[in-house]
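Novice: structure_33.tsv (TSV, C-alpha atoms) pasted underneath:
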chain	number	residue	atom	x	y	z
A	30	MET	CA	-15.16	14.04	-7.56
A	31	THR	CA	-12.30	14.13	-10.04
A	32	ILE	CA	-9.17	12.05	-9.51
A	33	ASN	CA	-6.29	13.49	-11.50
A	34	GLU	CA	-3.65	11.21	-13.01
A	35	GLN	CA	-0.18	12.73	-12.79
A	36	LYS	CA	3.42	11.83	-13.59
A	37	ILE	CA	6.60	13.29	-12.14
A	38	GLN	CA	10.21	12.59	-13.06
A	39	VAL	CA	12.40	12.15	-9.98
A	40	GLY	CA	15.99	11.49	-10.98
A	41	ASN	CA	15.99	8.44	-13.24
A	42	LEU	CA	12.55	7.30	-12.08
A	43	GLN	CA	9.14	8.35	-13.31
A	44	TRP	CA	6.39	8.11	-10.71
A	45	PHE	CA	2.74	7.85	-11.67
A	46	TYR	CA	0.32	8.99	-9.01
A	47	ARG	CA	-3.30	9.87	-8.47
A	48	GLU	CA	-4.37	13.05	-6.70
A	49	ASN	CA	-7.83	14.17	-5.66
A	50	ASN	CA	-9.37	17.65	-5.69
A	51	PRO	CA	-10.47	18.38	-2.12
A	52	LEU	CA	-13.51	20.55	-1.48
A	53	GLY	CA	-13.09	23.82	0.34
A	54	THR	CA	-10.12	26.05	0.97
A	55	ASN	CA	-9.08	24.84	4.42
A	56	ASP	CA	-5.79	22.95	4.51
A	57	LEU	CA	-6.73	19.77	6.35
A	58	GLY	CA	-3.49	18.04	5.45
A	59	THR	CA	-2.26	15.47	2.96
A	60	ILE	CA	-3.03	11.77	3.05
A	61	LEU	CA	-0.54	9.39	1.40
A	62	LEU	CA	-2.01	6.02	0.38
A	63	LEU	CA	0.35	3.14	-0.43
A	64	HIS	CA	-0.89	-0.04	-2.10
A	65	GLY	CA	0.27	-3.64	-1.75
A	66	LEU	CA	1.02	-6.50	-4.16
A	67	PRO	CA	0.06	-6.96	-6.95
A	68	SER	CA	-2.17	-3.91	-6.84
A	69	GLN	CA	-1.93	-0.29	-8.00
A	70	SER	CA	-2.92	3.17	-6.80
A	71	TYR	CA	-6.21	2.63	-8.66
A	72	CYS	CA	-7.46	0.62	-5.66
A	73	TRP	CA	-7.74	3.81	-3.56
A	74	GLY	CA	-10.08	5.67	-5.92
A	75	GLU	CA	-13.29	5.54	-3.88
A	76	ILE	CA	-11.53	6.36	-0.61
A	77	MET	CA	-9.79	9.29	-2.30
A	78	GLU	CA	-13.17	10.62	-3.40
A	79	ASP	CA	-14.50	10.31	0.15
A	80	LEU	CA	-11.45	12.17	1.46
A	81	ALA	CA	-11.88	14.92	-1.14
A	82	GLY	CA	-15.49	15.38	-0.09
A	83	LYS	CA	-14.31	16.11	3.44
A	84	GLY	CA	-11.56	18.49	2.36
A	85	TYR	CA	-8.51	16.22	2.51
A	86	ARG	CA	-5.85	16.16	-0.19
A	87	ALA	CA	-4.92	12.57	-1.06
A	88	ILE	CA	-1.94	11.29	-3.03
A	89	ALA	CA	-1.70	7.66	-4.16
A	90	PRO	CA	1.38	6.62	-6.16
A	91	ASP	CA	2.03	3.45	-8.06
A	92	TRP	CA	5.13	2.00	-6.41
A	93	ILE	CA	8.17	1.88	-8.66
A	94	GLY	CA	7.88	-1.39	-10.60
A	95	THR	CA	4.07	-1.35	-10.61
A	96	GLY	CA	1.21	0.19	-12.56
A	97	LYS	CA	2.22	3.15	-14.70
A	98	SER	CA	5.38	4.03	-12.76
A	99	SER	CA	8.88	3.20	-14.02
A	100	LYS	CA	9.93	-0.44	-14.10
A	101	PRO	CA	13.70	-0.11	-14.11
A	102	ASP	CA	16.14	-2.90	-14.72
A	103	ARG	CA	17.51	-4.47	-11.58
A	104	ARG	CA	20.96	-3.12	-12.38
A	105	ASN	CA	19.58	0.40	-11.87
A	106	PHE	CA	17.08	-0.26	-9.07
A	107	ASP	CA	17.59	-3.34	-6.90
A	108	TYR	CA	14.01	-3.53	-5.50
A	109	THR	CA	15.18	-3.87	-1.90
A	110	THR	CA	13.51	-2.08	1.02
A	111	PRO	CA	16.24	0.58	1.43
A	112	THR	CA	15.98	1.41	-2.27
A	113	PHE	CA	12.19	1.67	-2.14
A	114	ILE	CA	12.42	3.87	0.97
A	115	LYS	CA	14.90	6.24	-0.66
A	116	ALA	CA	12.80	6.43	-3.83
A	117	LEU	CA	9.66	7.18	-1.80
A	118	GLY	CA	11.48	9.92	0.11
A	119	ASP	CA	12.69	11.47	-3.13
A	120	PHE	CA	9.15	11.33	-4.55
A	121	LEU	CA	7.70	13.12	-1.52
A	122	ALA	CA	10.46	15.73	-1.61
A	123	ALA	CA	9.78	16.37	-5.31
A	124	LEU	CA	6.12	17.03	-4.47
A	125	GLU	CA	7.21	19.21	-1.52
A	126	ILE	CA	5.31	17.04	0.95
A	127	SER	CA	7.04	17.23	4.32
A	128	GLN	CA	4.19	16.04	6.57
A	129	PHE	CA	1.30	13.71	5.91
A	130	SER	CA	-0.97	11.03	7.31
A	131	LEU	CA	-0.07	7.60	5.98
A	132	VAL	CA	-2.39	4.78	4.91
A	133	VAL	CA	-0.84	1.42	3.97
A	134	GLN	CA	-2.18	-1.92	2.81
A	135	GLY	CA	-0.76	-5.30	1.95
A	136	PHE	CA	2.60	-6.83	1.17
A	137	LEU	CA	4.80	-3.91	0.12
A	138	GLY	CA	2.68	-1.70	2.36
A	139	SER	CA	5.11	-2.88	5.01
A	140	VAL	CA	7.76	-0.75	3.27
A	141	GLY	CA	5.59	2.26	4.09
A	142	LEU	CA	5.71	1.28	7.76
A	143	GLN	CA	9.49	1.03	7.61
A	144	TYR	CA	9.57	4.48	6.01
A	145	ALA	CA	7.48	5.81	8.89
A	146	LEU	CA	9.92	4.36	11.42
A	147	GLN	CA	12.86	6.01	9.67
A	148	PHE	CA	11.11	9.39	9.29
A	149	PRO	CA	8.56	9.63	12.12
A	150	GLU	CA	8.65	13.43	12.06
A	151	GLN	CA	6.92	13.32	8.65
A	152	VAL	CA	4.01	11.08	9.67
A	153	GLN	CA	1.18	12.69	11.60
A	154	ARG	CA	-1.18	9.73	11.75
A	155	LEU	CA	-0.99	6.16	10.53
A	156	ALA	CA	-3.71	3.83	9.25
A	157	ILE	CA	-2.96	0.16	8.58
A	158	LEU	CA	-5.17	-2.09	6.44
A	159	ASN	CA	-4.31	-5.80	6.31
A	160	THR	CA	-0.56	-5.33	6.18
A	161	PRO	CA	2.05	-7.74	7.60
A	162	ILE	CA	2.82	-6.46	11.13
A	163	SER	CA	3.80	-9.61	13.01
A	164	ASN	CA	6.75	-11.96	13.21
A	165	THR	CA	4.29	-14.72	12.32
A	166	ALA	CA	3.40	-13.07	8.99
A	167	LYS	CA	4.46	-15.10	5.96
A	168	LEU	CA	4.43	-14.29	2.30
A	169	PRO	CA	1.60	-16.50	0.93
A	170	TRP	CA	2.52	-19.18	-1.56
A	171	ALA	CA	0.43	-17.36	-4.18
A	172	MET	CA	3.04	-14.57	-4.03
A	173	LYS	CA	6.13	-16.43	-2.85
A	174	GLN	CA	6.24	-18.50	-6.02
A	175	TRP	CA	6.62	-15.31	-8.08
A	176	GLY	CA	10.13	-14.97	-6.68
A	177	ILE	CA	11.33	-18.50	-7.46
A	178	PRO	CA	13.97	-18.53	-10.24
A	179	LEU	CA	12.65	-19.82	-13.58
A	180	VAL	CA	9.21	-20.62	-12.13
A	181	GLY	CA	8.66	-17.02	-11.13
A	182	GLU	CA	9.89	-15.76	-14.47
A	183	MET	CA	7.08	-17.67	-16.16
A	184	LEU	CA	4.35	-16.98	-13.62
A	185	THR	CA	4.92	-13.24	-13.51
A	186	GLN	CA	4.43	-12.95	-17.27
A	187	ASP	CA	0.85	-14.25	-16.96
A	188	PRO	CA	-1.67	-11.35	-16.68
A	189	LEU	CA	-4.20	-13.74	-15.10
A	190	LEU	CA	-2.09	-13.83	-11.93
A	191	ILE	CA	-3.81	-10.51	-11.16
A	192	ASP	CA	-7.29	-12.07	-11.30
A	193	ARG	CA	-6.28	-15.09	-9.25
A	194	THR	CA	-4.48	-13.13	-6.55
A	195	LEU	CA	-6.83	-10.18	-6.08
A	196	GLU	CA	-9.96	-12.34	-6.09
A	197	LYS	CA	-8.49	-15.02	-3.84
A	198	GLY	CA	-7.22	-12.43	-1.41
A	199	SER	CA	-10.37	-10.33	-1.36
A	200	ARG	CA	-12.71	-13.38	-1.33
A	201	TYR	CA	-14.96	-11.68	-3.86
A	202	ARG	CA	-15.24	-11.34	-7.60
A	203	ILE	CA	-13.70	-8.16	-9.00
A	204	GLU	CA	-15.39	-6.55	-11.97
A	205	ASP	CA	-13.62	-6.94	-15.32
A	206	GLU	CA	-13.39	-3.18	-15.82
A	207	TYR	CA	-11.27	-2.97	-12.65
A	208	LEU	CA	-9.22	-6.06	-13.47
A	209	ASP	CA	-8.47	-4.57	-16.88
A	210	VAL	CA	-6.66	-1.70	-15.16
A	211	TYR	CA	-4.58	-4.07	-13.02
A	212	ARG	CA	-3.80	-6.39	-15.93
A	213	ARG	CA	-2.82	-3.70	-18.41
A	214	PRO	CA	0.86	-3.30	-17.41
A	215	PHE	CA	1.37	-7.06	-17.84
A	216	LEU	CA	-0.26	-7.00	-21.26
A	217	THR	CA	1.79	-4.01	-22.39
A	218	SER	CA	5.32	-5.12	-21.53
A	219	SER	CA	7.31	-7.92	-19.93
A	220	GLU	CA	8.84	-5.28	-17.63
A	221	ALA	CA	5.87	-5.50	-15.25
A	222	GLY	CA	6.47	-9.20	-14.63
A	223	ARG	CA	10.22	-8.79	-14.22
A	224	SER	CA	9.68	-5.98	-11.71
A	225	LEU	CA	7.17	-8.07	-9.74
A	226	LEU	CA	9.64	-10.96	-9.56
A	227	ALA	CA	12.40	-8.62	-8.36
A	228	THR	CA	10.10	-6.99	-5.79
A	229	VAL	CA	9.14	-10.33	-4.24
A	230	GLN	CA	12.77	-11.46	-4.14
A	231	GLY	CA	13.82	-8.21	-2.47
A	232	LEU	CA	11.03	-8.00	0.10
A	233	GLN	CA	12.90	-9.81	2.93
A	234	LEU	CA	9.77	-10.14	5.07
A	235	PRO	CA	11.34	-11.71	8.21
A	236	SER	CA	13.77	-8.84	8.74
A	237	ALA	CA	11.04	-6.32	7.90
A	238	MET	CA	8.76	-7.83	10.54
A	239	ALA	CA	11.51	-7.75	13.15
A	240	GLU	CA	12.07	-4.05	12.43
A	241	ILE	CA	8.36	-3.22	12.51
A	242	THR	CA	7.41	-5.15	15.63
A	243	THR	CA	10.36	-3.73	17.56
A	244	GLY	CA	10.24	-0.20	16.19
A	245	PHE	CA	6.58	0.53	16.81
A	246	THR	CA	6.72	-0.26	20.52
A	247	SER	CA	8.01	3.29	21.01
A	248	TRP	CA	5.74	4.93	18.39
A	249	GLN	CA	3.99	8.02	19.76
A	250	LYS	CA	1.54	8.97	16.97
A	251	PRO	CA	-2.10	7.80	16.66
A	252	ILE	CA	-2.64	4.55	14.76
A	253	LEU	CA	-5.82	3.14	13.22
A	254	ILE	CA	-5.93	-0.54	12.30
A	255	CYS	CA	-8.75	-1.55	9.90
A	256	TRP	CA	-8.71	-5.30	9.38
A	257	GLY	CA	-10.63	-7.53	7.00
A	258	LEU	CA	-11.40	-10.64	9.03
A	259	ARG	CA	-11.68	-12.90	5.96
A	260	ASP	CA	-8.06	-12.32	4.93
A	261	PRO	CA	-6.75	-15.77	3.87
A	262	TRP	CA	-3.13	-14.74	4.47
A	263	LEU	CA	-2.96	-12.41	7.50
A	264	ASP	CA	-4.95	-13.49	10.52
A	265	PHE	CA	-6.65	-10.92	12.76
A	266	SER	CA	-4.61	-12.24	15.71
A	267	GLN	CA	-1.61	-10.49	14.12
A	268	ALA	CA	-3.44	-7.15	14.27
A	269	GLU	CA	-4.51	-7.78	17.86
A	270	GLY	CA	-0.96	-8.61	18.94
A	271	PHE	CA	0.42	-5.52	17.20
A	272	ALA	CA	-2.23	-3.24	18.72
A	273	SER	CA	-1.54	-4.54	22.22
A	274	SER	CA	2.06	-3.34	21.95
A	275	LEU	CA	1.10	0.22	21.01
A	276	LYS	CA	0.41	3.28	23.12
A	277	GLN	CA	-2.26	4.76	20.83
A	278	ALA	CA	-4.17	2.34	18.64
A	279	GLU	CA	-7.75	1.99	17.47
A	280	VAL	CA	-8.86	-1.28	15.92
A	281	VAL	CA	-11.79	-1.58	13.53
A	282	GLN	CA	-12.90	-5.02	12.39
A	283	LEU	CA	-14.36	-5.50	8.91
A	284	PRO	CA	-16.13	-8.88	9.24
A	285	GLU	CA	-16.84	-9.48	5.54
A	286	ALA	CA	-13.65	-8.02	4.07
A	287	GLY	CA	-10.57	-9.94	2.97
A	288	HIS	CA	-6.94	-9.02	2.29
A	289	TYR	CA	-7.80	-6.09	-0.01
A	290	PRO	CA	-10.61	-4.39	1.96
A	291	GLN	CA	-10.48	-1.20	-0.12
A	292	GLU	CA	-11.64	-3.15	-3.19
A	293	HIS	CA	-15.14	-3.89	-1.83
A	294	PHE	CA	-15.51	-2.09	1.49
A	295	SER	CA	-14.13	1.38	0.84
A	296	GLY	CA	-17.19	3.00	2.42
A	297	GLN	CA	-16.64	1.23	5.74
A	298	ILE	CA	-12.96	2.17	5.67
A	299	SER	CA	-13.80	5.83	5.04
A	300	GLU	CA	-16.31	5.77	7.90
A	301	ALA	CA	-13.47	4.83	10.24
A	302	LEU	CA	-10.65	6.75	8.56
A	303	ILE	CA	-12.19	10.22	8.29
A	304	PRO	CA	-13.16	10.56	11.98
A	305	PHE	CA	-9.70	9.21	12.88
A	306	LEU	CA	-8.05	11.93	10.78
A	307	ARG	CA	-10.27	14.61	12.33
A	308	ARG	CA	-9.71	13.56	15.92
A	309	GLN	CA	-7.43	15.67	18.09
A	310	ASN	CA	-4.43	13.94	19.64
Translate the structure of the given file into structure tokens.

Specialist:
Amino acid sequence: MTINEQKIQVGNLQWFYRENNPLGTNDLGTILLLHGLPSQSYCWGEIMEDLAGKGYRAIAPDWIGTGKSSKPDRRNFDYTTPTFIKALGDFLAALEISQFSLVVQGFLGSVGLQYALQFPEQVQRLAILNTPISNTAKLPWAMKQWGIPLVGEMLTQDPLLIDRTLEKGSRYRIEDEYLDVYRRPFLTSSEAGRSLLATVQGLQLPSAMAEITTGFTSWQKPILICWGLRDPWLDFSQAEGFASSLKQAEVVQLPEAGHYPQEHFSGQISEALIPFLRRQN
């Protein structure tokens, strides 16, 4: 299957995104996939191919400040959750996407959950992969240090932070050809590091977790939780506690997967995700 690489200018921001070519002519809906830190839309490639094979259109953007999307100066984009949410809404409006199923993963994926709470009429179904969803969730030291003044400014200019973080989080080696994609923005410009530092500083995880844990108690749409049990940063107990507070939730355990399950276990995720998308409410 072909994954197309696209760019779209939305106001002062340029979004890079990947889009698949679904088989068939039936409109089975759009799937929006949002990555975490310090990843990119590239991580969804195999799942996007699986979705295309079943007739689903999939869109995976690089968040602003990551990958091939714009990395604006903080004076023009403050990297806070409200700013990310507005930018995401503008991106979807520019693509004329008014309804979709949402898949989120990781730190920054939590912003996707906050978007869903603000615009529930847009989200038909929700799938959560190893994303902070509990008041006990903490930003791991491996990421927290990126936001420390002076220290973070040095650390975020090191392309090897990608290797260390993705491999530590996933618990497996990642092939160099994949790491090259993730490293490239940091090798090309210092903007990638500055944007990462600003993103971590603006994340405000405690207030985000309070909003998410409270807001989803009244959520009415179907939710799928796929959780890598070897995640060194987000324990499965957080997923269990979140699921117990929901009206409609399915939980799928991935025993060998870590924090970035889509990197090594995309097939298992697709096996759970596609039937979930097909299922009638």

Novice: Hey, can I get the axis-aligned box for segment 128-137 of chain A? All listed atoms, 3 Å padding on each side, centre and edge lengths in Å to one decimal, as AutoDock Vina command-line options.

Specialist:
--center_x 1.2 --center_y 4.6 --center_z 3.7 --size_x 13.2 --size_y 28.9 --size_z 13.2

Novice: May I ask for the distance between atom CA of Thr194 of chain A and atom CA of Asn33 of chain A, given in Å to one decimal place?

Specialist: 27.1 Å

Novice: What separation in Å, quoted to one decimal, exists between atom CA of Gly118 of chain A and atom CA of Leu302 of chain A?

Specialist: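 Taking atom CA of Gly118 of chain A as the start and atom CA of Leu302 of chain A as the end point, the length is 23.9 Å.
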
Novice: Please, which residues are within 9 Å of (-5.5, 15.7, 7.6) by the file's coordinates, counting all atoms listed in the file, and could they come as a list in words?

Specialist: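 Residues with an atom close enough to that point: Asp56, Leu57, Gly58, Thr59, Ile60, Gly84, Tyr85, Arg86, Phe129, Ser130, Gln153, Arg154, Ile303, Leu306 and Arg307 of chain A.
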
Novice: So, counting only C-alpha atoms, which residue among A:Gln277, A:Lys250, A:Ile114, A:Ser139 is closest to Val152 of chain A?

Specialist: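 Of A:Gln277, A:Lys250, A:Ile114, A:Ser139, the one nearest Val152 of chain A is A:Lys250, counting only C-alpha atoms.
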
Novice: Closest to Leu52 of chain A among A:Thr112, A:Ser273, A:Thr31, A:Ser163, using all atoms listed in the file?

Specialist: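 Answer, going by the shortest atom-to-atom distance: A:Thr31.
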
Novice: Excluding Leu208 of chain A and residues on its chain fewer than 4 positions from it, collect all residues at most 10 Å away from it, counting all atoms listed in the file, and give them as a list in words.

Specialist: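 Result of the neighbour search: Ser68, Pro188, Leu189, Ile191, Asp192, Leu195, Glu196, Arg202, Ile203, Glu204, Arg212 and Arg213 of chain A.
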
Novice: Do you have the atom CA of Thr243 of chain A-atom CA of Tyr289 of chain A distance handy?

Specialist: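 Here the two named atoms are 25.4 Å from each other.
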
Novice: Please determine, counting all atoms listed in the file, which residue among A:Ile177, A:Glu182, A:Thr242, A:Lys100 has the shortest atom-to-atom distance to Gly270 of chain A.

Specialist: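 Selected residue with least distance to Gly270 of chain A: A:Thr242.
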
Novice: Residues at most 10 Å from Ala89 of chain A, counting all atoms listed in the file, excluding those fewer than 3 positions away in the same chain, as a PyMOL selection string?

Specialist: chain A and resi 34+45-49+60-64+69-74+77+92+132

Novice: Now that the selection is made, can you save its residues with C-alpha atoms as a short mmCIF file (atom, residue, chain, number, x, y, z; two decimals), keeping the file's coordinate frame?

Specialist:
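Below is the file that was written, selection.cif:
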data_model
loop_
_atom_site.label_atom_id
_atom_site.label_comp_id
_atom_site.auth_asym_id
_atom_site.auth_seq_id
_atom_site.Cartn_x
_atom_site.Cartn_y
_atom_site.Cartn_z
CA GLU A 34 -3.65 11.21 -13.01
CA PHE A 45 2.74 7.85 -11.67
CA TYR A 46 0.32 8.99 -9.01
CA ARG A 47 -3.30 9.87 -8.47
CA GLU A 48 -4.37 13.05 -6.70
CA ASN A 49 -7.83 14.17 -5.66
CA ILE A 60 -3.03 11.77 3.05
CA LEU A 61 -0.54 9.39 1.40
CA LEU A 62 -2.01 6.02 0.38
CA LEU A 63 0.35 3.14 -0.43
CA HIS A 64 -0.89 -0.04 -2.10
CA GLN A 69 -1.93 -0.29 -8.00
CA SER A 70 -2.92 3.17 -6.80
CA TYR A 71 -6.21 2.63 -8.66
CA CYS A 72 -7.46 0.62 -5.66
CA TRP A 73 -7.74 3.81 -3.56
CA GLY A 74 -10.08 5.67 -5.92
CA MET A 77 -9.79 9.29 -2.30
CA TRP A 92 5.13 2.00 -6.41
CA VAL A 132 -2.39 4.78 4.91
#

Novice: When you count only C-alpha atoms, which of these residues is closest to Ile241 of chain A: A:Leu190, A:Lys173, A:Gln143, A:Val210?

Specialist: A:Gln143

Novice: From the set A:Tyr144, A:Tyr201, A:Trp175, A:Phe271, which residue has the shortest atom-to-atom contact distance to Asn159 of chain A, counting only C-alpha atoms?

Specialist: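 The closest residue to Asn159 of chain A is A:Phe271.
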
Novice: Which polymer residues have any atom within 9 Å of an atom of His288 of chain A, counting only C-alpha atoms, with same-chain residues fewer than 3 positions away left out, as a list in words?

Specialist: Gln134, Gly135, Leu158, Asn159, Thr160, Leu195, Lys197, Gly198, Ser199, Arg200, Trp256, Gly257, Leu258, Arg259, Asp260, Pro261, Trp262, Leu263 and Gln291 of chain A

Novice: Can you pull out every residue within 10 Å of Ala301 of chain A, counting all atoms listed in the file, but drop anything in the same chain fewer than 4 positions away, and send it as a tab-separated table (two decimals) with C-alpha atoms, in the frame of the given file?

Specialist:
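Output contents, as saved in part-v1.tsv:
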chain	number	residue	atom	x	y	z
A	156	ALA	CA	-3.71	3.83	9.25
A	253	LEU	CA	-5.82	3.14	13.22
A	254	ILE	CA	-5.93	-0.54	12.30
A	255	CYS	CA	-8.75	-1.55	9.90
A	279	GLU	CA	-7.75	1.99	17.47
A	280	VAL	CA	-8.86	-1.28	15.92
A	281	VAL	CA	-11.79	-1.58	13.53
A	296	GLY	CA	-17.19	3.00	2.42
A	297	GLN	CA	-16.64	1.23	5.74
A	305	PHE	CA	-9.70	9.21	12.88
A	306	LEU	CA	-8.05	11.93	10.78

Novice: From the options A:Ser219, A:Ser127, A:Gln267, A:Gln233, which residue's atoms come nearest to Gly176 of chain A, counting all atoms listed in the file?

Specialist: A:Gln233

Novice: Need the neighbours of (14.3, -2.2, -2.3): which residues are at most 10 Å away, counting only C-alpha atoms, as a count of residues only?

Specialist: 21

Novice: Have segment 183-199 of chain A completed to N, CA and C atoms, please, and pass it along as a compact mmCIF listing (two decimals), in the coordinates of the input.

Specialist:
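Generated output (selection-v5.txt):
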# COMPACT_ATOMS: atom_id res chain seq x y z
N MET A 183 8.23 -17.31 -15.34
CA MET A 183 7.08 -17.67 -16.16
C MET A 183 5.78 -17.15 -15.56
N LEU A 184 5.60 -17.36 -14.26
CA LEU A 184 4.35 -16.98 -13.62
C LEU A 184 4.08 -15.49 -13.70
N THR A 185 5.12 -14.69 -13.54
CA THR A 185 4.92 -13.24 -13.51
C THR A 185 4.68 -12.63 -14.89
N GLN A 186 4.76 -13.43 -15.93
CA GLN A 186 4.43 -12.95 -17.27
C GLN A 186 2.98 -13.27 -17.64
N ASP A 187 2.23 -13.87 -16.72
CA ASP A 187 0.85 -14.25 -16.96
C ASP A 187 -0.08 -13.18 -16.38
N PRO A 188 -0.78 -12.39 -17.21
CA PRO A 188 -1.67 -11.35 -16.68
C PRO A 188 -2.77 -11.89 -15.77
N LEU A 189 -3.12 -13.17 -15.92
CA LEU A 189 -4.20 -13.74 -15.10
C LEU A 189 -3.78 -13.92 -13.64
N LEU A 190 -2.49 -13.76 -13.34
CA LEU A 190 -2.09 -13.83 -11.93
C LEU A 190 -2.79 -12.72 -11.15
N ILE A 191 -3.11 -11.61 -11.81
CA ILE A 191 -3.81 -10.51 -11.16
C ILE A 191 -5.19 -10.97 -10.72
N ASP A 192 -5.95 -11.58 -11.63
CA ASP A 192 -7.29 -12.07 -11.30
C ASP A 192 -7.23 -13.05 -10.13
N ARG A 193 -6.36 -14.03 -10.26
CA ARG A 193 -6.28 -15.09 -9.25
C ARG A 193 -5.93 -14.53 -7.88
N THR A 194 -4.96 -13.62 -7.84
CA THR A 194 -4.48 -13.13 -6.55
C THR A 194 -5.46 -12.16 -5.91
N LEU A 195 -5.93 -11.17 -6.67
CA LEU A 195 -6.83 -10.18 -6.08
C LEU A 195 -8.15 -10.81 -5.66
N GLU A 196 -8.68 -11.74 -6.45
CA GLU A 196 -9.96 -12.34 -6.09
C GLU A 196 -9.81 -13.35 -4.96
N LYS A 197 -8.71 -14.10 -4.95
CA LYS A 197 -8.49 -15.02 -3.84
C LYS A 197 -8.28 -14.25 -2.54
N GLY A 198 -7.49 -13.19 -2.61
CA GLY A 198 -7.22 -12.43 -1.41
C GLY A 198 -8.41 -11.67 -0.88
N SER A 199 -9.21 -11.13 -1.79
CA SER A 199 -10.37 -10.33 -1.36
C SER A 199 -11.57 -11.19 -1.02
